[in-house]
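Novice: What follows is entry_10.cif, mmCIF, C-alpha atoms.
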```
data_model
loop_
_atom_site.label_atom_id
_atom_site.label_comp_id
_atom_site.auth_asym_id
_atom_site.auth_seq_id
_atom_site.Cartn_x
_atom_site.Cartn_y
_atom_site.Cartn_z
CA MET A 1 -18.22 -1.60 3.90
CA HIS A 2 -17.29 1.47 5.94
CA PRO A 3 -16.17 -0.51 9.04
CA VAL A 4 -14.02 -2.70 6.77
CA ILE A 5 -12.39 0.36 5.20
CA ALA A 6 -11.88 2.01 8.60
CA ARG A 7 -10.15 -1.08 10.01
CA ALA A 8 -7.99 -1.45 6.91
CA LEU A 9 -6.97 2.21 7.00
CA ARG A 10 -6.11 2.02 10.69
CA ARG A 11 -4.08 -1.15 10.13
CA GLN A 12 -2.30 0.46 7.20
CA ARG A 13 -1.43 3.59 9.20
CA ILE A 14 -0.08 1.51 12.07
CA THR A 15 1.99 -0.48 9.58
CA VAL A 16 3.64 2.53 7.94
CA VAL A 17 4.31 4.22 11.31
CA GLY A 18 5.88 0.98 12.49
CA ALA A 19 7.98 0.87 9.32
CA VAL A 20 9.26 4.39 10.01
CA VAL A 21 10.13 3.55 13.62
CA LEU A 22 11.84 0.31 12.57
CA GLY A 23 13.87 2.00 9.85
CA LEU A 24 14.96 4.88 12.08
CA ALA A 25 15.91 2.59 14.97
CA TRP A 26 17.81 0.29 12.64
CA GLY A 27 19.73 3.18 11.07
CA LEU A 28 20.58 4.80 14.43
CA LEU A 29 21.77 1.49 15.85
CA VAL A 30 24.06 0.83 12.89
CA ARG A 31 25.48 4.36 13.05
CA ALA A 32 26.05 4.15 16.79
CA ARG A 33 27.84 0.82 16.60
CA GLY A 34 29.54 1.38 13.25
CA ASP A 35 28.56 -2.14 12.28
CA ASP A 36 28.20 -2.80 8.55
CA GLY A 37 28.14 -6.57 9.00
CA LEU A 38 25.35 -8.71 10.36
CA LEU A 39 23.52 -5.74 11.87
CA THR A 40 23.01 -4.42 8.33
CA ALA A 41 22.86 -7.62 6.30
CA VAL A 42 20.35 -9.64 8.35
CA PRO A 43 17.58 -7.00 8.63
CA MET A 44 18.17 -6.10 4.97
CA LEU A 45 17.69 -9.74 4.00
CA LEU A 46 14.49 -9.92 6.05
CA LEU A 47 13.15 -6.79 4.33
CA LEU A 48 14.02 -8.17 0.89
CA VAL A 49 12.33 -11.49 1.63
CA GLY A 50 9.24 -9.79 3.05
CA SER A 51 9.06 -7.43 0.09
CA GLY A 52 9.43 -10.30 -2.36
CA VAL A 53 6.65 -12.30 -0.71
CA VAL A 54 4.25 -9.37 -1.02
CA LEU A 55 5.44 -8.08 -4.40
CA PHE A 56 5.43 -11.42 -6.22
CA ARG A 57 2.49 -13.12 -4.54
CA GLY A 58 -0.20 -14.46 -6.80
CA PRO A 59 -3.48 -12.64 -7.41
CA SER A 60 -6.45 -13.06 -5.11
CA ARG A 61 -9.03 -15.72 -5.98
CA ALA A 62 -11.95 -14.02 -4.20
CA ALA A 63 -15.14 -12.65 -5.73
CA LEU A 64 -16.63 -9.21 -5.17
CA ARG A 65 -18.62 -8.53 -1.99
CA VAL A 66 -21.94 -6.82 -1.41
CA ALA A 67 -21.73 -3.79 0.88
CA PRO A 68 -24.55 -3.81 3.48
CA ASP A 69 -24.17 -0.07 4.14
CA ALA A 70 -23.74 1.26 0.59
CA VAL A 71 -25.18 0.65 -2.88
CA VAL A 72 -21.99 -0.90 -4.26
CA THR A 73 -20.32 -4.21 -4.95
CA TYR A 74 -16.74 -3.95 -3.75
CA ALA A 75 -13.38 -5.62 -3.12
CA PRO A 76 -11.51 -4.76 0.13
CA PRO A 77 -7.73 -4.45 0.54
CA ARG A 78 -5.60 -7.55 0.83
CA THR A 79 -3.33 -8.44 3.71
CA PRO A 80 -0.50 -8.67 4.76
CA ALA A 81 1.26 -5.29 4.71
CA PRO A 82 1.86 -3.82 1.24
CA PHE A 83 5.26 -3.48 -0.38
CA ALA A 84 5.29 0.24 0.47
CA ALA A 85 5.78 -0.51 4.19
CA PHE A 86 8.98 -2.43 3.49
CA ALA A 87 10.17 0.32 1.18
CA VAL A 88 9.55 2.98 3.84
CA ALA A 89 11.56 1.03 6.44
CA TRP A 90 14.45 0.68 4.00
CA LEU A 91 14.42 4.35 2.99
CA CYS A 92 14.38 5.45 6.65
CA PHE A 93 17.38 3.24 7.33
CA GLN A 94 19.23 4.58 4.29
CA THR A 95 18.53 8.17 5.28
CA VAL A 96 19.76 7.78 8.85
CA ARG A 97 22.66 5.48 8.09
CA TYR A 98 24.18 7.26 5.11
CA GLY A 99 22.62 10.74 5.17
CA GLY A 100 25.21 11.96 7.66
CA ALA A 101 28.24 10.29 6.11
CA PRO A 102 30.57 13.13 4.96
CA GLU A 103 32.70 10.76 2.88
CA LEU A 104 29.81 10.35 0.44
CA GLY A 105 30.06 14.01 -0.60
CA PRO A 106 27.30 15.40 -2.83
CA PHE A 107 25.76 11.94 -3.13
CA ARG A 108 24.75 12.22 0.54
CA TRP A 109 22.44 15.15 -0.20
CA LEU A 110 21.01 13.50 -3.30
CA LEU A 111 20.29 10.38 -1.25
CA LEU A 112 18.75 12.41 1.58
CA VAL A 113 16.47 14.55 -0.59
CA GLY A 114 15.42 11.65 -2.82
CA SER A 115 14.68 9.33 0.11
CA LEU A 116 12.69 11.99 1.97
CA ALA A 117 10.63 12.80 -1.14
CA VAL A 118 9.78 9.16 -1.82
CA MET A 119 9.00 8.52 1.85
CA ALA A 120 6.72 11.55 2.04
CA PHE A 121 4.80 10.42 -1.04
CA MET A 122 4.37 6.87 0.28
CA LEU A 123 3.38 7.98 3.76
CA VAL A 124 0.80 10.49 2.53
CA ASP A 125 -0.64 7.98 0.07
CA ARG A 126 -0.88 5.19 2.67
CA TRP A 127 -2.24 7.53 5.32
CA ARG A 128 -5.07 8.85 3.14
CA GLN A 129 -6.43 5.79 1.37
CA VAL A 130 -6.53 2.03 1.11
CA PRO A 131 -6.74 0.13 -2.19
CA THR A 132 -10.35 -0.85 -2.85
CA VAL A 133 -12.44 -1.35 -5.98
CA GLU A 134 -16.12 -0.47 -6.15
CA LEU A 135 -18.73 -1.14 -8.81
CA SER A 136 -21.82 1.03 -8.42
CA PRO A 137 -24.77 1.90 -10.65
CA GLU A 138 -22.79 5.00 -11.64
CA GLY A 139 -19.41 3.47 -12.49
CA VAL A 140 -16.10 2.04 -11.27
CA GLY A 141 -14.11 3.60 -8.42
CA PHE A 142 -10.71 2.90 -6.87
CA GLY A 143 -9.51 3.85 -3.38
CA ARG A 144 -11.20 4.70 -0.08
CA PRO A 145 -11.91 6.82 1.89
CA ARG A 146 -10.25 9.16 -0.64
CA ARG A 147 -10.89 8.00 -4.17
CA ALA A 148 -7.90 7.89 -6.50
CA PHE A 149 -10.25 7.96 -9.48
CA PHE A 150 -13.82 7.27 -10.54
CA VAL A 151 -14.82 6.14 -14.05
CA PRO A 152 -18.51 6.50 -15.00
CA TRP A 153 -19.92 3.73 -17.16
CA SER A 154 -20.55 6.31 -19.87
CA ALA A 155 -16.82 7.09 -19.99
CA LEU A 156 -15.83 3.51 -20.88
CA ALA A 157 -15.38 2.39 -24.47
CA ALA A 158 -17.89 -0.24 -25.53
CA GLY A 159 -16.72 -3.77 -26.30
CA GLN A 160 -13.24 -3.34 -24.90
CA PRO A 161 -11.35 -6.60 -24.20
CA ILE A 162 -10.69 -6.35 -20.45
CA LEU A 163 -8.99 -9.75 -20.29
CA PRO A 164 -6.08 -9.90 -17.82
CA THR A 165 -3.50 -12.66 -17.68
CA ALA A 166 -3.31 -14.99 -14.68
CA GLN A 167 -0.57 -12.82 -13.13
CA SER A 168 -2.08 -9.46 -14.02
CA ARG A 169 -1.45 -6.61 -11.58
CA THR A 170 -3.69 -4.08 -13.33
CA LEU A 171 -6.75 -3.93 -15.55
CA ARG A 172 -6.68 -1.49 -18.42
CA LEU A 173 -9.90 0.47 -18.76
CA VAL A 174 -10.13 1.98 -22.23
CA LEU A 175 -11.93 5.32 -22.18
CA ALA A 176 -14.24 6.69 -24.84
CA ARG A 177 -14.83 9.93 -22.91
CA PRO A 178 -11.84 10.61 -20.62
CA GLU A 179 -13.20 14.04 -19.71
CA LEU A 180 -15.87 12.33 -17.57
CA VAL A 181 -13.31 10.61 -15.32
CA SER A 182 -12.69 12.25 -11.95
CA ARG A 183 -9.22 11.91 -10.42
CA ALA A 184 -7.83 12.96 -7.05
CA SER A 185 -4.52 13.92 -8.60
CA GLY A 186 -3.96 16.49 -11.31
CA ARG A 187 -2.97 13.94 -13.93
CA ARG A 188 -3.74 14.86 -17.48
CA ARG A 189 -6.51 13.11 -19.33
CA THR A 190 -5.61 9.99 -21.27
CA ASP A 191 -7.52 7.38 -23.25
CA ARG A 192 -7.08 4.72 -20.57
CA GLU A 193 -7.15 4.20 -16.82
CA LEU A 194 -5.14 1.52 -15.02
CA LEU A 195 -7.04 -0.26 -12.27
CA PRO A 196 -4.55 -1.87 -9.79
CA THR A 197 -5.48 -5.34 -8.57
CA GLN A 198 -2.36 -6.60 -6.76
CA ASP A 199 -3.34 -5.23 -3.33
CA VAL A 200 -7.11 -5.68 -3.75
CA ASP A 201 -8.83 -8.88 -2.58
CA VAL A 202 -10.58 -9.92 -5.79
CA ALA A 203 -9.65 -12.24 -8.64
CA PRO A 204 -8.59 -10.03 -11.59
CA GLU A 205 -10.47 -12.19 -14.10
CA PHE A 206 -13.67 -12.01 -12.03
CA LEU A 207 -13.39 -8.24 -11.75
CA ALA A 208 -12.66 -7.91 -15.46
CA ALA A 209 -15.64 -10.11 -16.36
CA ALA A 210 -17.93 -8.15 -14.03
CA ILE A 211 -16.92 -4.80 -15.55
CA ARG A 212 -17.34 -6.17 -19.06
CA HIS A 213 -20.74 -7.61 -18.17
CA TYR A 214 -22.10 -4.32 -16.85
CA LEU A 215 -20.52 -2.44 -19.72
CA ASP A 216 -22.34 -4.68 -22.19
CA HIS A 217 -25.60 -4.90 -20.20
CA PRO A 218 -26.51 -1.44 -18.91
CA ALA A 219 -29.98 -2.62 -17.88
CA HIS A 220 -28.44 -4.50 -14.95
CA ARG A 221 -26.46 -1.54 -13.56
CA PRO A 222 -29.25 -0.04 -11.40
CA ALA A 223 -29.34 -3.26 -9.33
CA ILE A 224 -25.60 -3.25 -8.55
CA GLY A 225 -25.06 -3.49 -4.80
CA THR A 226 -28.03 -5.73 -4.06
CA VAL A 227 -27.74 -9.32 -2.85
CA ALA A 228 -29.97 -10.59 -5.65
CA GLU A 229 -27.91 -8.89 -8.35
CA HIS A 230 -24.67 -10.18 -6.85
CA ALA A 231 -26.02 -13.74 -6.90
CA ARG A 232 -27.20 -13.30 -10.49
CA LEU A 233 -23.79 -11.92 -11.54
CA CYS A 234 -21.98 -14.92 -10.03
CA ARG A 235 -24.30 -17.30 -11.87
CA VAL A 236 -23.80 -15.47 -15.17
CA LEU A 237 -20.04 -15.46 -14.79
CA GLY A 238 -19.99 -19.18 -14.16
CA GLY A 239 -18.87 -19.02 -10.53
CA GLN A 240 -15.58 -17.28 -11.32
#
```
Go ahead and render the structure in this file as structure tokens.
Specialist:
Amino acid sequence: MHPVIARALRRQRITVVGAVVLGLAWGLLVRARGDDGLLTAVPMLLLLVGSGVVLFRGPSRAALRVAPDAVVTYAPPRTPAPFAAFAVAWLCFQTVRYGGAPELGPFRWLLLVGSLAVMAFMLVDRWRQVPTVELSPEGVGFGRPRRAFFVPWSALAAGQPILPTAQSRTLRLVLARPELVSRASGRRRTDRELLPTQDVDVAPEFLAAAIRHYLDHPAHRPAIGTVAEHARLCRVLGGQ
């Protein structure tokens, strides 16, 4: 699993750096030429199309994988580049193109500060972690190499209906003991945790069924991460 995560993180970092370079170059070129026509419209259209393809693509149909180097069953990140890369390129362009336009007045500074703040958040997030889901004997985790959150099995409410729709982008994990959940951010405790699935290479219904199965059958949790247990889980879930 670790080589997969390392490659995905490296690919993600290259993608966001490329998005920054593309956005800056695009903005500087438009400013230098003063061209608000095709030079602005065509790349903008390409970004919108690329963003739409990623943002509105259907969910993955894959099953979970067994990690040979860790005691977990996991789902790696999906490809191609996430929506955030397109957003970063657009924000860089906006900042360079309009951030120095005096005719915009106070709006220029609002645009500049807002764009820089959003870009910084996206860049830090994409630099530090890739979207992954892990099921281990201890619980459910999201994000690697820096976990966004980890939910122990004992924190989940029993019998919860984790049943996503065909186009679901998140799974809602209902918590019985939210104080047991560990989070990388300082978010306050709530009675639920949202598990993103859009950028993770696993079918949402398979993931939901697997979590529900281990929630309802704690005796099988110690074997999570083994080839035999993975095969048994697939049989039990009817080949989902």
Novice: Evaluate the PyMOL selection byres ((chain A and resi 22-27) around 9) on the structure here and hand back the selected residues as a CSV table (one decimal) with C-alpha atoms, in the frame of the given file.
Specialist:
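selection39.csv written:
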```
chain,number,residue,atom,x,y,z
A,17,VAL,CA,4.3,4.2,11.3
A,18,GLY,CA,5.9,1.0,12.5
A,19,ALA,CA,8.0,0.9,9.3
A,20,VAL,CA,9.3,4.4,10.0
A,21,VAL,CA,10.1,3.6,13.6
A,28,LEU,CA,20.6,4.8,14.4
A,29,LEU,CA,21.8,1.5,15.8
A,30,VAL,CA,24.1,0.8,12.9
A,31,ARG,CA,25.5,4.4,13.0
A,32,ALA,CA,26.0,4.2,16.8
A,39,LEU,CA,23.5,-5.7,11.9
A,40,THR,CA,23.0,-4.4,8.3
A,43,PRO,CA,17.6,-7.0,8.6
A,88,VAL,CA,9.6,3.0,3.8
A,89,ALA,CA,11.6,1.0,6.4
A,90,TRP,CA,14.4,0.7,4.0
A,91,LEU,CA,14.4,4.4,3.0
A,92,CYS,CA,14.4,5.4,6.6
A,93,PHE,CA,17.4,3.2,7.3
A,94,GLN,CA,19.2,4.6,4.3
A,95,THR,CA,18.5,8.2,5.3
A,96,VAL,CA,19.8,7.8,8.8
A,97,ARG,CA,22.7,5.5,8.1
A,98,TYR,CA,24.2,7.3,5.1
```
Novice: Would you translate the PyMOL selection byres ((chain A and resi 218) around 12) into the concrete set of residues it matches in this file, as a ChimeraX atom specification?
Specialist: /A:136-139,152-154,156,158,210-217,219-224
Novice: Within 10 Å of A:Pro3, counting all atoms listed in the file, which residues qualify if same-chain residues fewer than 5 places away don't, as a PDB file with C-alpha atoms, in the coordinates of the input?
Specialist:
```pdb
ATOM      1  CA  ALA A   8      -7.990  -1.450   6.910  1.00  0.00           C
ATOM      2  CA  LEU A   9      -6.970   2.210   7.000  1.00  0.00           C
ATOM      3  CA  ASP A  69     -24.170  -0.070   4.140  1.00  0.00           C
TER       4      ASP A  69
END
```
Novice: Record the distance separating atom CA of A:Thr197 and atom CA of A:Gly143, expressed in Å with one decimal.
Specialist: 11.3 Å
Novice: Record the distance separating atom CA of A:Tyr74 and atom CA of A:Leu135, expressed in Å with one decimal.
Specialist: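 Answer for the atom CA of A:Tyr74 to atom CA of A:Leu135 separation: 6.1 Å.
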Novice: With distances taken over all atoms listed in the file, which residue among A:Leu116, A:Ala231, A:Leu171, A:Ala157 lies nearest A:Leu64?
Specialist: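 Closest residue, counting all atoms listed in the file: A:Ala231.
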Novice: Kindly output stretch 106-118 of chain A as an mmCIF file, in the frame of the given file, after building N, CA and C atoms.
Specialist:
```cif
data_model
loop_
_atom_site.group_PDB
_atom_site.id
_atom_site.type_symbol
_atom_site.label_atom_id
_atom_site.label_comp_id
_atom_site.auth_asym_id
_atom_site.auth_seq_id
_atom_site.Cartn_x
_atom_site.Cartn_y
_atom_site.Cartn_z
ATOM 1 N N PRO A 106 28.601 14.941 -2.308
ATOM 2 C CA PRO A 106 27.300 15.400 -2.830
ATOM 3 C C PRO A 106 26.252 14.292 -2.906
ATOM 4 N N PHE A 107 26.703 13.056 -3.046
ATOM 5 C CA PHE A 107 25.760 11.940 -3.130
ATOM 6 C C PHE A 107 24.903 11.849 -1.874
ATOM 7 N N ARG A 108 25.485 12.265 -0.718
ATOM 8 C CA ARG A 108 24.750 12.220 0.540
ATOM 9 C C ARG A 108 23.479 13.058 0.446
ATOM 10 N N TRP A 109 23.596 14.266 -0.120
ATOM 11 C CA TRP A 109 22.440 15.150 -0.200
ATOM 12 C C TRP A 109 21.427 14.643 -1.223
ATOM 13 N N LEU A 110 21.913 14.080 -2.308
ATOM 14 C CA LEU A 110 21.010 13.500 -3.300
ATOM 15 C C LEU A 110 20.230 12.340 -2.679
ATOM 16 N N LEU A 111 20.936 11.504 -1.918
ATOM 17 C CA LEU A 111 20.290 10.380 -1.250
ATOM 18 C C LEU A 111 19.263 10.875 -0.234
ATOM 19 N N LEU A 112 19.635 11.892 0.541
ATOM 20 C CA LEU A 112 18.750 12.410 1.580
ATOM 21 C C LEU A 112 17.479 12.999 0.993
ATOM 22 N N VAL A 113 17.632 13.877 0.007
ATOM 23 C CA VAL A 113 16.470 14.550 -0.590
ATOM 24 C C VAL A 113 15.586 13.535 -1.315
ATOM 25 N N GLY A 114 16.200 12.647 -2.086
ATOM 26 C CA GLY A 114 15.420 11.650 -2.820
ATOM 27 C C GLY A 114 14.662 10.711 -1.900
ATOM 28 N N SER A 115 15.334 10.240 -0.826
ATOM 29 C CA SER A 115 14.680 9.330 0.110
ATOM 30 C C SER A 115 13.526 10.021 0.834
ATOM 31 N N LEU A 116 13.746 11.260 1.271
ATOM 32 C CA LEU A 116 12.690 11.990 1.970
ATOM 33 C C LEU A 116 11.485 12.235 1.065
ATOM 34 N N ALA A 117 11.733 12.550 -0.204
ATOM 35 C CA ALA A 117 10.630 12.800 -1.140
ATOM 36 C C ALA A 117 9.807 11.540 -1.371
ATOM 37 N N VAL A 118 10.490 10.419 -1.589
ATOM 38 C CA VAL A 118 9.780 9.160 -1.820
ATOM 39 C C VAL A 118 9.016 8.737 -0.567
#
```
